[in-house]
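Novice: My questions all concern the structure below.
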Amino acid sequence: MEALRRDMWQGLNAQDKEAWMRKLIRRLPDGMVYEGLETFERFGQRMETGVFTEDGLRFVFVPGDQVTLGWDRWQHGMNEETSADLHETVSEYGVEDVDSFLASQMSPVREVNIAPMLVECELISLGWIEVSEEEAHAQEDPDFPSALEQFKQSDIREYELHQQFRLIRQGEDEVRILWFNEGIELEDVVREEAGTGFGLLTEDEWEYIYGGGCRTLFPWGDSFNYTMRLKHFGSLEGVDEIVDGSAEPDASLVKAKDDRPYDLELPNFFGVQFAGDPYKYELTLDSAGEVMPKGGDGGSLICGGTGPLVGFLPAAAVYYRDVNASELDWEDLMDAMYYRRVVRLTDIHE
């Protein structure tokens, strides 16, 4: 079991890592296949780890660790550009003490033990399901046929009709169709996943996987990265406007400004991908088993015209916690909620 802690795992050679990964197969849900070792590197952290698949979906092995999570002070401090941007933005909302403002938006500092686990690389939408074009037409939605035809004839990247359907361009000729799935109960999802051997991440696990135990505001440091390409803003170098300025930019036609992927959606040093979008929530569970949304605030800050730094705090800051989470109406936000599956690996012996 000690070998599956992060410091010990990093010291193992590839042959020993392979042996451990193959030993895990006996403890995993049916259908899980070991694919081999792969190395991921980002934000100055690097990890060689095992990759598994289940019905074509990727999982990575994340070693356990004892880490400090939460944020209440700077590790190194902001650079001048970030500091000036942050102070100018929050001062417009009557905030004078920037450090206290940030600390109030973050989870409390705490020491935690993280167990080793397998973590799903990509998110699963709670409210959207992918359908074929034939299945979509069978829904007999009067808005769908014309919207699909117009989308195919255009050069736009994505179109959504709120809580009805979503069209996403995949390559030059393929269109992915997502249909809104009403009537989903989160409790049912948790129970069904548990029945097949999977769980949902806790808030502690989410923060560890996102930041790797870093003590900085962002996983890359205390200063904002203004070279990133962000959803709703595009490339920050010279492009500082939200695509259409509406409360729900995903509900508009979004033109790509360049072909680069959005930086916050790229796999991190564990090989895990995050939404990178403050309008979206990743569902986790707190210490009491209650839902704790991470990675977003429903777009509250970005809709206020705060710009990329403050607007993307919910999606970029490692320890951001939505202070309004207890007041959220989950039924209204079903189209913005996502989760990922996890298999915790405890009591594993040599």
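Residue numbers start at 1 in each chain; chains themselves are named A, B, ... in the order of the structure tokens; ligands are numbered from 1 in the order shown.
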Could you go through stretch 8-99 of chain A and tell me which residues DSSP, when run on the backbone, assigns to helix (DSSP H, G or I), listing them as an MDAnalysis selection string?

Specialist: chainID A and resid 8:11 14:27 80:91 98:99

Novice: Could you save those same residues with C-alpha atoms as a PDB file, in the first residue's frame?

Specialist:
```pdb
ATOM      1  CA  MET A   8       6.924   6.251  -3.141  1.00  0.00           C
ATOM      2  CA  TRP A   9       5.162   5.841  -6.479  1.00  0.00           C
ATOM      3  CA  GLN A  10       7.319   8.509  -8.099  1.00  0.00           C
ATOM      4  CA  GLY A  11      10.421   6.580  -7.033  1.00  0.00           C
ATOM      5  CA  ALA A  14       8.475   1.449 -14.883  1.00  0.00           C
ATOM      6  CA  GLN A  15       8.627  -2.313 -14.338  1.00  0.00           C
ATOM      7  CA  ASP A  16       7.463  -2.016 -10.716  1.00  0.00           C
ATOM      8  CA  LYS A  17       4.715   0.422 -11.686  1.00  0.00           C
ATOM      9  CA  GLU A  18       3.501  -2.022 -14.333  1.00  0.00           C
ATOM     10  CA  ALA A  19       3.390  -4.811 -11.753  1.00  0.00           C
ATOM     11  CA  TRP A  20       1.285  -2.704  -9.379  1.00  0.00           C
ATOM     12  CA  MET A  21      -1.136  -1.687 -12.107  1.00  0.00           C
ATOM     13  CA  ARG A  22      -1.688  -5.273 -13.211  1.00  0.00           C
ATOM     14  CA  LYS A  23      -2.255  -6.263  -9.589  1.00  0.00           C
ATOM     15  CA  LEU A  24      -5.038  -3.664  -9.343  1.00  0.00           C
ATOM     16  CA  ILE A  25      -7.110  -5.269 -12.088  1.00  0.00           C
ATOM     17  CA  ARG A  26      -8.431  -7.892  -9.661  1.00  0.00           C
ATOM     18  CA  ARG A  27      -9.967  -5.133  -7.518  1.00  0.00           C
ATOM     19  CA  GLU A  80       2.290  43.475 -10.910  1.00  0.00           C
ATOM     20  CA  GLU A  81      -0.023  42.733 -13.850  1.00  0.00           C
ATOM     21  CA  THR A  82      -2.244  40.363 -11.861  1.00  0.00           C
ATOM     22  CA  SER A  83      -2.253  42.614  -8.799  1.00  0.00           C
ATOM     23  CA  ALA A  84      -3.274  45.699 -10.766  1.00  0.00           C
ATOM     24  CA  ASP A  85      -5.992  43.786 -12.647  1.00  0.00           C
ATOM     25  CA  LEU A  86      -7.410  42.228  -9.489  1.00  0.00           C
ATOM     26  CA  HIS A  87      -7.437  45.430  -7.442  1.00  0.00           C
ATOM     27  CA  GLU A  88      -9.004  47.452 -10.257  1.00  0.00           C
ATOM     28  CA  THR A  89     -11.717  44.859 -10.887  1.00  0.00           C
ATOM     29  CA  VAL A  90     -12.835  44.180  -7.310  1.00  0.00           C
ATOM     30  CA  SER A  91     -12.643  47.844  -6.285  1.00  0.00           C
ATOM     31  CA  VAL A  98      -8.366  41.910  -1.756  1.00  0.00           C
ATOM     32  CA  ASP A  99      -6.764  39.166   0.338  1.00  0.00           C
TER      33      ASP A  99
END
```

Novice: Write down as a PyMOL selection string the residues belonging to stretch 54-194 of chain A that are assigned strand (DSSP E or B) by DSSP computed on the backbone.

Specialist: chain A and resi 54+57-62+64-69+106+110-114+117-120+124-125+128-131+158-161+165-170+174-180

Novice: Check the smallest atom-to-atom distance from each of A:Asp222, A:Glu96, A:Glu149, A:Glu134 to A:His76 using only C-alpha atoms, then report the winner.

Specialist: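 Of A:Asp222, A:Glu96, A:Glu149, A:Glu134, the one nearest A:His76 is A:Asp222, counting only C-alpha atoms.
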
Novice: Measuring between only C-alpha atoms, which one of A:Glu182, A:Asp332, A:Glu120, A:Glu203 shows the shortest distance to A:Ala288?

Specialist: A:Glu203

Novice: Find the residues near stretch 36-50 of chain A: any atom within 6 Å, counting only C-alpha atoms, skip ones fewer than 6 places away on the same chain, and give them as an NGL selection string.

Specialist: :A and (60-61 or 220 or 268-269 or 271)
